[in-house]
>>> print(open('coords_30.pdb').read())   # PDB, C-alpha atoms, pLDDT in the B column
ATOM      1  CA  MET A 291       9.013  -4.551  34.891  1.00 76.00           C
ATOM      2  CA  PHE A 292       7.983  -3.598  31.345  1.00 89.00           C
ATOM      3  CA  THR A 293       6.146  -5.744  28.839  1.00 93.00           C
ATOM      4  CA  THR A 294       7.645  -6.508  25.430  1.00 95.00           C
ATOM      5  CA  THR A 295       5.016  -4.291  23.792  1.00 96.00           C
ATOM      6  CA  GLU A 296       5.798  -1.374  26.121  1.00 95.00           C
ATOM      7  CA  ILE A 297       9.520  -1.690  25.383  1.00 96.00           C
ATOM      8  CA  ALA A 298       8.889  -1.762  21.631  1.00 97.00           C
ATOM      9  CA  VAL A 299       6.670   1.335  21.825  1.00 97.00           C
ATOM     10  CA  LEU A 300       9.221   3.183  23.974  1.00 97.00           C
ATOM     11  CA  VAL A 301      11.962   2.432  21.414  1.00 97.00           C
ATOM     12  CA  ILE A 302       9.738   3.791  18.628  1.00 97.00           C
ATOM     13  CA  VAL A 303       8.957   6.931  20.626  1.00 97.00           C
ATOM     14  CA  ALA A 304      12.664   7.426  21.376  1.00 97.00           C
ATOM     15  CA  LEU A 305      13.937   6.996  17.806  1.00 97.00           C
ATOM     16  CA  LEU A 306      11.089   8.255  15.637  1.00 97.00           C
ATOM     17  CA  GLY A 307      12.308  11.869  15.560  1.00 96.00           C
ATOM     18  CA  HIS A 308      15.623  10.799  14.053  1.00 96.00           C
ATOM     19  CA  ALA A 309      13.901   8.304  11.748  1.00 96.00           C
ATOM     20  CA  MET A 310      11.732  11.109  10.374  1.00 96.00           C
ATOM     21  CA  ALA A 311      14.811  13.300   9.872  1.00 95.00           C
ATOM     22  CA  LEU A 312      16.390  10.474   7.871  1.00 95.00           C
ATOM     23  CA  PHE A 313      13.155  10.099   5.905  1.00 94.00           C
ATOM     24  CA  TRP A 314      13.209  13.757   4.811  1.00 92.00           C
ATOM     25  CA  HIS A 315      16.938  13.597   4.041  1.00 92.00           C
ATOM     26  CA  LEU A 316      16.477  10.584   1.749  1.00 95.00           C
ATOM     27  CA  ALA A 317      13.325  12.020   0.177  1.00 94.00           C
ATOM     28  CA  GLU A 318      15.220  15.173  -0.792  1.00 92.00           C
ATOM     29  CA  LYS A 319      18.279  13.290  -2.031  1.00 91.00           C
ATOM     30  CA  ARG A 320      16.115  11.050  -4.227  1.00 94.00           C
ATOM     31  CA  ASP A 321      13.992  13.916  -5.585  1.00 92.00           C
ATOM     32  CA  SER A 322      10.810  12.501  -4.094  1.00 94.00           C
ATOM     33  CA  PRO A 323       7.519  14.114  -5.213  1.00 93.00           C
ATOM     34  CA  LEU A 324       7.081  15.047  -1.537  1.00 91.00           C
ATOM     35  CA  CYS A 325       9.938  17.520  -2.002  1.00 93.00           C
ATOM     36  CA  SER A 326       8.777  19.043  -5.276  1.00 93.00           C
ATOM     37  CA  THR A 327       7.162  22.131  -3.716  1.00 96.00           C
ATOM     38  CA  ARG A 328       9.983  24.071  -2.087  1.00 96.00           C
ATOM     39  CA  ILE A 329       8.975  26.789   0.382  1.00 96.00           C
ATOM     40  CA  TYR A 330      12.170  28.878   0.654  1.00 96.00           C
ATOM     41  CA  ASP A 331      14.776  28.970  -2.081  1.00 95.00           C
ATOM     42  CA  VAL A 332      17.376  30.102   0.463  1.00 94.00           C
ATOM     43  CA  PRO A 333      20.507  28.124   1.434  1.00 93.00           C
ATOM     44  CA  LEU A 334      21.052  26.823   4.957  1.00 93.00           C
ATOM     45  CA  LYS A 335      23.569  28.634   7.120  1.00 92.00           C
ATOM     46  CA  LYS A 336      27.046  27.164   7.248  1.00 93.00           C
ATOM     47  CA  GLY A 337      27.302  24.528   9.973  1.00 95.00           C
ATOM     48  CA  GLN A 338      23.535  24.342  10.566  1.00 96.00           C
ATOM     49  CA  LEU A 339      23.214  20.595  10.009  1.00 95.00           C
ATOM     50  CA  GLN A 340      26.156  19.789  12.274  1.00 96.00           C
ATOM     51  CA  ARG A 341      24.764  22.018  15.045  1.00 97.00           C
ATOM     52  CA  GLU A 342      21.294  20.497  14.734  1.00 96.00           C
ATOM     53  CA  PHE A 343      22.647  16.951  14.790  1.00 95.00           C
ATOM     54  CA  LYS A 344      24.548  17.713  17.989  1.00 96.00           C
ATOM     55  CA  ASN A 345      21.395  19.120  19.589  1.00 95.00           C
ATOM     56  CA  SER A 346      19.367  16.102  18.473  1.00 95.00           C
ATOM     57  CA  VAL A 347      21.096  13.905  21.047  1.00 93.00           C
ATOM     58  CA  LEU A 348      18.573  15.363  23.522  1.00 88.00           C
ATOM     59  CA  THR A 349      15.532  14.287  21.481  1.00 88.00           C
ATOM     60  CA  PRO A 350      14.826  10.942  23.267  1.00 93.00           C
ATOM     61  CA  LEU A 351      14.384  12.778  26.591  1.00 95.00           C
ATOM     62  CA  HIS A 352      10.605  12.317  26.417  1.00 96.00           C
ATOM     63  CA  ALA A 353      11.095   8.533  26.161  1.00 96.00           C
ATOM     64  CA  LEU A 354      13.316   8.527  29.251  1.00 96.00           C
ATOM     65  CA  LEU A 355      10.689  10.471  31.177  1.00 97.00           C
ATOM     66  CA  LEU A 356       8.053   7.965  30.086  1.00 96.00           C
ATOM     67  CA  VAL A 357      10.270   5.100  31.263  1.00 96.00           C
ATOM     68  CA  ALA A 358      10.595   6.729  34.676  1.00 96.00           C
ATOM     69  CA  MET A 359       6.864   7.364  34.992  1.00 95.00           C
ATOM     70  CA  LEU A 360       5.988   3.817  33.936  1.00 94.00           C
ATOM     71  CA  GLY A 361       8.539   2.545  36.426  1.00 94.00           C
ATOM     72  CA  PHE A 362       6.752   4.414  39.214  1.00 94.00           C
ATOM     73  CA  GLY A 363       3.472   2.793  38.235  1.00 93.00           C
ATOM     74  CA  PHE A 364       1.760   5.602  36.334  1.00 95.00           C
ATOM     75  CA  PHE A 365      -0.328   5.216  33.150  1.00 95.00           C
ATOM     76  CA  ASP A 366      -1.272   1.564  33.704  1.00 91.00           C
ATOM     77  CA  ASN A 367      -4.863   1.565  32.423  1.00 92.00           C
ATOM     78  CA  ASP A 368      -5.011  -0.768  29.405  1.00 89.00           C
ATOM     79  CA  SER A 369      -8.647  -0.461  28.273  1.00 94.00           C
ATOM     80  CA  TRP A 370      -9.620   0.745  24.797  1.00 94.00           C
ATOM     81  CA  GLY A 371     -11.815   3.412  26.315  1.00 94.00           C
ATOM     82  CA  SER A 372      -8.926   4.859  28.313  1.00 95.00           C
ATOM     83  CA  PHE A 373      -6.733   4.700  25.197  1.00 97.00           C
ATOM     84  CA  LEU A 374      -9.129   6.918  23.249  1.00 96.00           C
ATOM     85  CA  ILE A 375      -9.767   9.302  26.162  1.00 95.00           C
ATOM     86  CA  THR A 376      -6.026   9.638  26.820  1.00 97.00           C
ATOM     87  CA  LEU A 377      -5.248  10.269  23.152  1.00 97.00           C
ATOM     88  CA  VAL A 378      -7.925  12.959  22.769  1.00 96.00           C
ATOM     89  CA  CYS A 379      -7.153  14.683  26.078  1.00 95.00           C
ATOM     90  CA  THR A 380      -3.408  14.648  25.400  1.00 97.00           C
ATOM     91  CA  PHE A 381      -3.959  16.162  21.946  1.00 96.00           C
ATOM     92  CA  ILE A 382      -6.087  18.990  23.349  1.00 96.00           C
ATOM     93  CA  TRP A 383      -3.760  19.697  26.259  1.00 97.00           C
ATOM     94  CA  ALA A 384      -0.639  19.537  24.074  1.00 96.00           C
ATOM     95  CA  GLU A 385      -2.088  22.101  21.653  1.00 97.00           C
ATOM     96  CA  ILE A 386      -2.791  24.459  24.560  1.00 97.00           C
ATOM     97  CA  TRP A 387       0.554  23.863  26.268  1.00 97.00           C
ATOM     98  CA  HIS A 388       2.542  24.140  23.038  1.00 97.00           C
ATOM     99  CA  TYR A 389       0.935  27.432  22.071  1.00 97.00           C
ATOM    100  CA  PHE A 390       1.277  29.230  25.403  1.00 97.00           C
ATOM    101  CA  SER A 391       4.724  27.862  26.318  1.00 97.00           C
ATOM    102  CA  HIS A 392       5.978  28.622  22.805  1.00 97.00           C
ATOM    103  CA  ARG A 393       4.617  32.144  22.938  1.00 97.00           C
ATOM    104  CA  ALA A 394       6.143  32.637  26.404  1.00 97.00           C
ATOM    105  CA  PHE A 395       9.538  31.524  25.070  1.00 97.00           C
ATOM    106  CA  HIS A 396       9.450  34.534  22.758  1.00 96.00           C
ATOM    107  CA  LEU A 397       9.249  36.984  25.661  1.00 96.00           C
ATOM    108  CA  PRO A 398      12.569  38.865  26.040  1.00 95.00           C
ATOM    109  CA  SER A 399      13.127  37.365  29.499  1.00 97.00           C
ATOM    110  CA  LEU A 400      12.693  33.763  28.284  1.00 96.00           C
ATOM    111  CA  LEU A 401      13.978  33.907  24.721  1.00 95.00           C
ATOM    112  CA  TRP A 402      17.343  32.452  25.767  1.00 97.00           C
ATOM    113  CA  ILE A 403      15.608  29.107  26.338  1.00 96.00           C
ATOM    114  CA  HIS A 404      14.231  29.012  22.784  1.00 96.00           C
ATOM    115  CA  ARG A 405      17.032  30.781  20.901  1.00 96.00           C
ATOM    116  CA  GLU A 406      18.909  27.614  19.925  1.00 96.00           C
ATOM    117  CA  HIS A 407      15.924  26.255  18.016  1.00 96.00           C
ATOM    118  CA  HIS A 408      15.467  29.576  16.212  1.00 95.00           C
ATOM    119  CA  ARG A 409      19.029  29.708  14.983  1.00 95.00           C
ATOM    120  CA  SER A 410      17.554  27.658  12.126  1.00 95.00           C
ATOM    121  CA  GLN A 411      15.702  30.255  10.065  1.00 95.00           C
ATOM    122  CA  ILE A 412      15.347  27.880   7.130  1.00 95.00           C
ATOM    123  CA  ASN A 413      14.287  24.412   8.228  1.00 94.00           C
ATOM    124  CA  SER A 414      16.273  21.283   7.479  1.00 92.00           C
ATOM    125  CA  PRO A 415      15.460  17.597   8.082  1.00 87.00           C
ATOM    126  CA  LEU A 416      17.096  17.966  11.526  1.00 94.00           C
ATOM    127  CA  THR A 417      15.468  21.209  12.710  1.00 96.00           C
ATOM    128  CA  ALA A 418      12.550  19.294  14.236  1.00 95.00           C
ATOM    129  CA  VAL A 419      14.919  17.567  16.686  1.00 95.00           C
ATOM    130  CA  SER A 420      17.150  20.561  17.486  1.00 96.00           C
ATOM    131  CA  PHE A 421      16.360  22.163  20.861  1.00 96.00           C
ATOM    132  CA  SER A 422      18.198  23.276  23.964  1.00 95.00           C
ATOM    133  CA  PHE A 423      18.047  20.827  26.866  1.00 96.00           C
ATOM    134  CA  LEU A 424      15.983  23.199  28.995  1.00 96.00           C
ATOM    135  CA  GLU A 425      13.397  23.844  26.273  1.00 97.00           C
ATOM    136  CA  LYS A 426      13.012  20.125  25.618  1.00 96.00           C
ATOM    137  CA  LEU A 427      12.681  19.399  29.338  1.00 96.00           C
ATOM    138  CA  ILE A 428      10.113  22.153  29.931  1.00 97.00           C
ATOM    139  CA  PHE A 429       8.002  21.095  26.953  1.00 96.00           C
ATOM    140  CA  ASP A 430       8.008  17.400  27.874  1.00 97.00           C
ATOM    141  CA  LEU A 431       7.314  17.951  31.569  1.00 97.00           C
ATOM    142  CA  GLY A 432       4.555  20.385  30.674  1.00 97.00           C
ATOM    143  CA  ILE A 433       2.868  17.592  28.734  1.00 97.00           C
ATOM    144  CA  LEU A 434       3.539  14.754  31.152  1.00 97.00           C
ATOM    145  CA  LEU A 435       3.220  16.165  34.682  1.00 97.00           C
ATOM    146  CA  PRO A 436      -0.440  17.223  34.273  1.00 97.00           C
ATOM    147  CA  LEU A 437      -1.142  13.703  33.013  1.00 96.00           C
ATOM    148  CA  VAL A 438       0.570  12.230  36.078  1.00 96.00           C
ATOM    149  CA  ILE A 439      -1.804  14.301  38.198  1.00 96.00           C
ATOM    150  CA  ALA A 440      -4.778  13.309  36.034  1.00 94.00           C
ATOM    151  CA  ASP A 441      -3.754   9.667  36.394  1.00 94.00           C
ATOM    152  CA  GLN A 442      -4.770   9.832  40.052  1.00 91.00           C
ATOM    153  CA  PHE A 443      -8.371  10.531  39.019  1.00 90.00           C
ATOM    154  CA  ILE A 444      -9.088   9.095  35.554  1.00 87.00           C
ATOM    155  CA  SER A 445      -6.337   6.475  35.043  1.00 88.00           C
ATOM    156  CA  VAL A 446      -4.286   7.445  32.004  1.00 95.00           C
ATOM    157  CA  ASN A 447      -3.394   4.906  29.307  1.00 96.00           C
ATOM    158  CA  PHE A 448       0.294   4.629  28.361  1.00 97.00           C
ATOM    159  CA  PHE A 449      -0.452   3.522  24.802  1.00 97.00           C
ATOM    160  CA  GLY A 450      -2.825   6.439  24.246  1.00 97.00           C
ATOM    161  CA  LEU A 451      -0.092   8.792  25.442  1.00 96.00           C
ATOM    162  CA  ALA A 452       2.525   7.047  23.292  1.00 97.00           C
ATOM    163  CA  ALA A 453       0.199   7.273  20.274  1.00 97.00           C
ATOM    164  CA  TRP A 454       0.058  11.037  20.749  1.00 97.00           C
ATOM    165  CA  PHE A 455       3.872  11.240  20.927  1.00 97.00           C
ATOM    166  CA  ILE A 456       4.157   9.208  17.724  1.00 97.00           C
ATOM    167  CA  GLY A 457       1.702  11.487  15.933  1.00 96.00           C
ATOM    168  CA  TYR A 458       3.413  14.558  17.335  1.00 96.00           C
ATOM    169  CA  LEU A 459       6.879  13.456  16.195  1.00 96.00           C
ATOM    170  CA  VAL A 460       5.608  12.818  12.668  1.00 95.00           C
ATOM    171  CA  ILE A 461       3.711  16.121  12.469  1.00 93.00           C
ATOM    172  CA  ASN A 462       6.624  18.008  14.037  1.00 94.00           C
ATOM    173  CA  SER A 463       8.950  16.583  11.394  1.00 94.00           C
ATOM    174  CA  PHE A 464       6.600  17.488   8.536  1.00 91.00           C
ATOM    175  CA  SER A 465       6.179  20.980  10.005  1.00 93.00           C
ATOM    176  CA  HIS A 466       9.938  21.575   9.977  1.00 93.00           C
ATOM    177  CA  ALA A 467      10.581  20.534   6.384  1.00 92.00           C
ATOM    178  CA  ASN A 468      11.320  23.089   3.669  1.00 94.00           C
ATOM    179  CA  PHE A 469       8.785  21.445   1.372  1.00 95.00           C
ATOM    180  CA  GLU A 470       4.997  21.565   1.349  1.00 96.00           C
ATOM    181  CA  PHE A 471       3.427  18.213   0.509  1.00 93.00           C
ATOM    182  CA  ARG A 472      -0.236  19.157   1.020  1.00 95.00           C
ATOM    183  CA  PRO A 473      -2.461  19.973  -1.990  1.00 95.00           C
ATOM    184  CA  ALA A 474      -2.958  23.492  -3.319  1.00 94.00           C
ATOM    185  CA  ASN A 475      -6.592  23.623  -2.139  1.00 95.00           C
ATOM    186  CA  TYR A 476      -5.813  22.439   1.404  1.00 96.00           C
ATOM    187  CA  ASN A 477      -6.738  25.740   3.072  1.00 95.00           C
ATOM    188  CA  ARG A 478     -10.200  25.644   1.550  1.00 94.00           C
ATOM    189  CA  HIS A 479     -11.282  22.811   3.868  1.00 92.00           C
ATOM    190  CA  VAL A 480      -9.098  20.916   6.384  1.00 95.00           C
ATOM    191  CA  GLY A 481      -6.492  23.653   6.367  1.00 95.00           C
ATOM    192  CA  LYS A 482      -8.911  26.117   7.968  1.00 95.00           C
ATOM    193  CA  LEU A 483      -8.279  24.189  11.164  1.00 96.00           C
ATOM    194  CA  MET A 484      -4.962  22.392  10.688  1.00 97.00           C
ATOM    195  CA  ALA A 485      -1.550  24.017  10.262  1.00 96.00           C
ATOM    196  CA  THR A 486       0.865  23.195   7.428  1.00 97.00           C
ATOM    197  CA  THR A 487       4.592  23.131   6.797  1.00 96.00           C
ATOM    198  CA  ILE A 488       4.394  26.623   5.286  1.00 97.00           C
ATOM    199  CA  TYR A 489       2.566  27.792   8.402  1.00 97.00           C
ATOM    200  CA  HIS A 490       5.469  26.885  10.679  1.00 96.00           C
ATOM    201  CA  SER A 491       8.100  27.920   8.146  1.00 96.00           C
ATOM    202  CA  LEU A 492       6.796  31.470   8.456  1.00 96.00           C
ATOM    203  CA  HIS A 493       7.347  31.325  12.195  1.00 96.00           C
ATOM    204  CA  HIS A 494      10.989  30.337  11.736  1.00 95.00           C
ATOM    205  CA  SER A 495      11.807  32.854   9.012  1.00 95.00           C
ATOM    206  CA  ARG A 496       9.958  35.787  10.623  1.00 94.00           C
ATOM    207  CA  TYR A 497      10.712  34.770  14.229  1.00 93.00           C
ATOM    208  CA  THR A 498       7.229  35.528  15.612  1.00 93.00           C
ATOM    209  CA  GLY A 499       3.592  34.685  14.895  1.00 96.00           C
ATOM    210  CA  ASN A 500       2.091  31.307  13.925  1.00 97.00           C
ATOM    211  CA  TYR A 501       2.960  29.793  17.307  1.00 97.00           C
ATOM    212  CA  GLY A 502       0.727  26.753  16.911  1.00 95.00           C
ATOM    213  CA  LEU A 503       2.079  23.569  15.397  1.00 83.00           C
ATOM    214  CA  GLY A 504      -0.726  21.055  14.927  1.00 92.00           C
ATOM    215  CA  THR A 505      -3.613  23.479  14.489  1.00 96.00           C
ATOM    216  CA  ARG A 506      -4.323  27.148  13.688  1.00 97.00           C
ATOM    217  CA  VAL A 507      -7.054  27.455  16.337  1.00 97.00           C
ATOM    218  CA  LEU A 508      -5.313  29.428  19.086  1.00 98.00           C
ATOM    219  CA  ASP A 509      -3.364  31.633  16.676  1.00 98.00           C
ATOM    220  CA  ARG A 510      -6.607  32.647  14.993  1.00 97.00           C
ATOM    221  CA  LEU A 511      -8.469  33.168  18.273  1.00 97.00           C
ATOM    222  CA  LEU A 512      -5.666  35.225  19.835  1.00 97.00           C
ATOM    223  CA  GLY A 513      -4.597  37.207  16.774  1.00 97.00           C
ATOM    224  CA  THR A 514      -1.093  35.807  16.301  1.00 98.00           C
ATOM    225  CA  GLU A 515      -1.499  34.307  12.830  1.00 98.00           C
ATOM    226  CA  TRP A 516       0.355  36.002   9.966  1.00 97.00           C
ATOM    227  CA  GLU A 517      -2.322  37.653   7.827  1.00 97.00           C
ATOM    228  CA  ASP A 518      -0.629  36.778   4.528  1.00 96.00           C
ATOM    229  CA  TYR A 519      -0.270  33.069   5.341  1.00 97.00           C
ATOM    230  CA  GLU A 520      -2.977  31.791   2.996  1.00 97.00           C
ATOM    231  CA  ARG A 521      -1.816  34.029   0.157  1.00 96.00           C
ATOM    232  CA  LEU A 522       1.721  32.747   0.626  1.00 96.00           C
ATOM    233  CA  TYR A 523       0.429  29.179   0.657  1.00 97.00           C
ATOM    234  CA  ASP A 524      -1.323  29.773  -2.666  1.00 96.00           C
ATOM    235  CA  ARG A 525       1.801  31.303  -4.177  1.00 96.00           C
ATOM    236  CA  VAL A 526       4.027  28.384  -3.162  1.00 96.00           C
ATOM    237  CA  CYS A 527       1.576  25.554  -3.862  1.00 96.00           C
ATOM    238  CA  SER A 528      -0.503  26.866  -6.777  1.00 95.00           C
ATOM    239  CA  GLU A 529       2.025  29.046  -8.593  1.00 94.00           C
ATOM    240  CA  ARG A 530       5.044  26.946  -7.525  1.00 93.00           C
ATOM    241  CA  ARG A 531       7.059  30.084  -6.724  1.00 94.00           C
ATOM    242  CA  PRO A 532       9.196  29.613  -3.583  1.00 96.00           C
ATOM    243  CA  LEU A 533      10.179  32.579  -1.457  1.00 94.00           C
ATOM    244  CA  SER A 534      13.653  33.970  -2.040  1.00 93.00           C
ATOM    245  CA  ARG A 535      14.053  36.107   1.135  1.00 93.00           C
ATOM    246  CA  LEU A 536      13.390  35.428   4.814  1.00 89.00           C
ATOM    247  CA  LYS A 537      11.215  38.508   5.349  1.00 85.00           C
ATOM    248  CA  GLU A 538       9.438  38.364   2.008  1.00 86.00           C
ATOM    249  CA  ARG A 539       5.720  39.164   2.223  1.00 88.00           C
ATOM    250  CA  THR A 540       2.846  38.460  -0.129  1.00 83.00           C
TER     251      THR A 540
END
>>> encode(input="coords_30.pdb", output="structure tokens")
Amino acid sequence: MFTTTEIAVLVIVALLGHAMALFWHLAEKRDSPLCSTRIYDVPLKKGQLQREFKNSVLTPLHALLLVAMLGFGFFDNDSWGSFLITLVCTFIWAEIWHYFSHRAFHLPSLLWIHREHHRSQINSPLTAVSFSFLEKLIFDLGILLPLVIADQFISVNFFGLAAWFIGYLVINSFSHANFEFRPANYNRHVGKLMATTIYHSLHHSRYTGNYGLGTRVLDRLLGTEWEDYERLYDRVCSERRPLSRLKERT
């Protein structure tokens, strides 16, 4: 039913979240230069890593959903043009869906869905793969079901969709580290558009604001970006002074 290439890509998509967690764990243990700029000099809560590892069993859910959708005959366009269109459209839609679903999860009536992820106020290598089952399911279906509908009209490409998932899993892992690997001048050019690890770390430590993950666009347009973000970035990356308290402001 599936080609060898499709199976290989599905395995990558299923395991990449854990592979990235292992990458950050080894980088920290070996004092990699990637881990030289610490964001928060605050210890993890007792039992956090064990809790996150238990939650991470749910991470490959998106791969299982992709298997089911491929099995039903969706996403079978294999042209290069459809690959590029699918990748771009998925990126745009995912940014929109992530922002608004994430912000909705912070409403008092829906916070119970998102609370498990936010038990991690300081990020660890496993925070990026630690979600409740319902949150993971809602996020994945919110990405995939509109593409199933779109597939009836524009013929979606599986590999373009898988490429987005691969990029997302890498970016999501970087965004949940407690180290900033981007240069000190990042926010003077690319960083005006793209988010950073510090950007998302503020969301976890302060519990609100900075809802975007890949980009800053919707936060800036809708007024939900923390106003001291760039100053904090300069402090951590230029002055090399990590924050020592969760609610610390600059």
>>> closest_residue(input="coords_30.pdb", among="A:Thr540, A:Asn367, A:Thr487, A:Ser391", to="Phe464 in chain A", atoms="only C-alpha atoms")
A:Thr487
>>> axis_aligned_box(input="coords_30.pdb", around="range 383-401 of chain A", padding_each_side="6 Å", output="JSON")
{"center_x": 5.1, "center_y": 29.2, "center_z": 25.6, "size_x": 29.7, "size_y": 31.3, "size_z": 19.8}
>>> closest_atom_pairs(input="coords_30.pdb", of="range 424-475 of chain A", to="range 519-527 of chain A", cutoff="8 Å", atoms="only C-alpha atoms", output="JSON lines")
{"residue": "A:Glu470", "atom": "CA", "partner": "A:Cys527", "partner_atom": "CA", "distance": 7.4}
{"residue": "A:Pro473", "atom": "CA", "partner": "A:Cys527", "partner_atom": "CA", "distance": 7.1}
{"residue": "A:Ala474", "atom": "CA", "partner": "A:Cys527", "partner_atom": "CA", "distance": 5.0}
>>> atom_distance(input="coords_30.pdb", atom1="CA of Ala467 in chain A", atom2="CA of Trp516 in chain A")
18.9 Å
>>> resolve_selection(input="coords_30.pdb", expression="the PyMOL selection byres ((chain A and resi 368) around 9)", output="PyMOL selection string")
chain A and resi 365-367+369-373+446-449
>>> atom_distance(input="coords_30.pdb", atom1="CA of Ser346 in chain A", atom2="CA of Pro532 in chain A")
27.8 Å
>>> resolve_selection(input="coords_30.pdb", expression="the PyMOL selection byres ((chain A and resi 392) around 10)", output="list in words")
Ile386, Trp387, His388, Tyr389, Phe390, Ser391, Arg393, Ala394, Phe395, His396, Leu397, Leu401, His404, Glu425, Phe429, Tyr501, Gly502 and Leu503 of chain A
>>> resolve_selection(input="coords_30.pdb", expression="the PyMOL selection byres ((chain A and resi 499) around 9)", output="PyMOL selection string")
chain A and resi 393+492-493+496-498+500-502+509+513-516
>>> atom_distance(input="coords_30.pdb", atom1="CA of Leu312 in chain A", atom2="CA of Pro415 in chain A")
7.2 Å
>>> closest_residue(input="coords_30.pdb", among="A:Val301, A:Leu536, A:Leu424, A:Val419", to="Leu400 in chain A", atoms="all atoms listed in the file")
A:Leu424
>>> closest_residue(input="coords_30.pdb", among="A:Met484, A:Val507, A:Ile412, A:Leu348", to="Val332 in chain A", atoms="only C-alpha atoms")
A:Ile412
>>> residues_around(input="coords_30.pdb", residues="Leu427 in chain A", least_positions_apart="4", cutoff="8 Å", atoms="all atoms listed in the file", output="ChimeraX atom specification")
/A:351-352,423,431
>>> write_last_selection(input="coords_30.pdb", atoms="C-alpha atoms", output="tab-separated table (two decimals), in the coordinates of the input")
chain	number	residue	atom	x	y	z
A	351	LEU	CA	14.38	12.78	26.59
A	352	HIS	CA	10.60	12.32	26.42
A	423	PHE	CA	18.05	20.83	26.87
A	431	LEU	CA	7.31	17.95	31.57
>>> residues_around(input="coords_30.pdb", residues="Gly450 in chain A", least_positions_apart="6", cutoff="7 Å", atoms="only C-alpha atoms", output="list in words")
Phe373, Leu374, Thr376 and Leu377 of chain A
>>> write_last_selection(input="coords_30.pdb", atoms="C-alpha atoms", output="JSON list (two decimals), keeping the file's coordinate frame")
[["chain", "number", "residue", "atom", "x", "y", "z"],
["A", 373, "PHE", "CA", -6.73, 4.70, 25.20],
["A", 374, "LEU", "CA", -9.13, 6.92, 23.25],
["A", 376, "THR", "CA", -6.03, 9.64, 26.82],
["A", 377, "LEU", "CA", -5.25, 10.27, 23.15]]
>>> decode(input="coords_30.pdb", residues="range 492-496 of chain A", atoms="all heavy atoms", output="mmCIF file, in the first residue's frame")
data_model
loop_
_atom_site.group_PDB
_atom_site.id
_atom_site.type_symbol
_atom_site.label_atom_id
_atom_site.label_comp_id
_atom_site.auth_asym_id
_atom_site.auth_seq_id
_atom_site.Cartn_x
_atom_site.Cartn_y
_atom_site.Cartn_z
ATOM 1 N N LEU A 492 9.659 32.849 27.158
ATOM 2 C CA LEU A 492 8.861 33.843 27.880
ATOM 3 C C LEU A 492 7.423 33.378 28.034
ATOM 4 O O LEU A 492 6.791 33.614 29.067
ATOM 5 C CB LEU A 492 8.892 35.188 27.146
ATOM 6 C CG LEU A 492 10.096 36.083 27.333
ATOM 7 C CD1 LEU A 492 9.912 37.369 26.541
ATOM 8 C CD2 LEU A 492 10.319 36.399 28.797
ATOM 9 N N HIS A 493 6.899 32.740 27.006
ATOM 10 C CA HIS A 493 5.519 32.255 27.094
ATOM 11 C C HIS A 493 5.389 31.223 28.209
ATOM 12 O O HIS A 493 4.416 31.229 28.976
ATOM 13 C CB HIS A 493 5.088 31.644 25.761
ATOM 14 C CG HIS A 493 3.734 31.009 25.815
ATOM 15 N ND1 HIS A 493 2.567 31.747 25.839
ATOM 16 C CD2 HIS A 493 3.354 29.709 25.900
ATOM 17 C CE1 HIS A 493 1.531 30.924 25.915
ATOM 18 N NE2 HIS A 493 1.990 29.683 25.951
ATOM 19 N N HIS A 494 6.359 30.323 28.311
ATOM 20 C CA HIS A 494 6.276 29.279 29.335
ATOM 21 C C HIS A 494 6.453 29.848 30.739
ATOM 22 O O HIS A 494 5.738 29.456 31.664
ATOM 23 C CB HIS A 494 7.332 28.202 29.075
ATOM 24 C CG HIS A 494 6.839 27.109 28.196
ATOM 25 N ND1 HIS A 494 6.346 25.920 28.675
ATOM 26 C CD2 HIS A 494 6.731 27.031 26.848
ATOM 27 C CE1 HIS A 494 5.973 25.149 27.669
ATOM 28 N NE2 HIS A 494 6.197 25.811 26.548
ATOM 29 N N SER A 495 7.385 30.751 30.919
ATOM 30 C CA SER A 495 7.671 31.254 32.264
ATOM 31 C C SER A 495 6.608 32.237 32.743
ATOM 32 O O SER A 495 6.317 32.305 33.941
ATOM 33 C CB SER A 495 9.048 31.918 32.303
ATOM 34 O OG SER A 495 9.094 33.039 31.440
ATOM 35 N N ARG A 496 6.009 32.990 31.806
ATOM 36 C CA ARG A 496 5.014 34.002 32.182
ATOM 37 C C ARG A 496 3.581 33.531 31.943
ATOM 38 O O ARG A 496 2.639 34.196 32.337
ATOM 39 C CB ARG A 496 5.283 35.290 31.404
ATOM 40 C CG ARG A 496 6.649 35.891 31.728
ATOM 41 C CD ARG A 496 6.916 37.145 30.899
ATOM 42 N NE ARG A 496 8.209 37.731 31.223
ATOM 43 C CZ ARG A 496 8.684 38.841 30.673
ATOM 44 N NH1 ARG A 496 7.967 39.494 29.764
ATOM 45 N NH2 ARG A 496 9.868 39.302 31.019
#
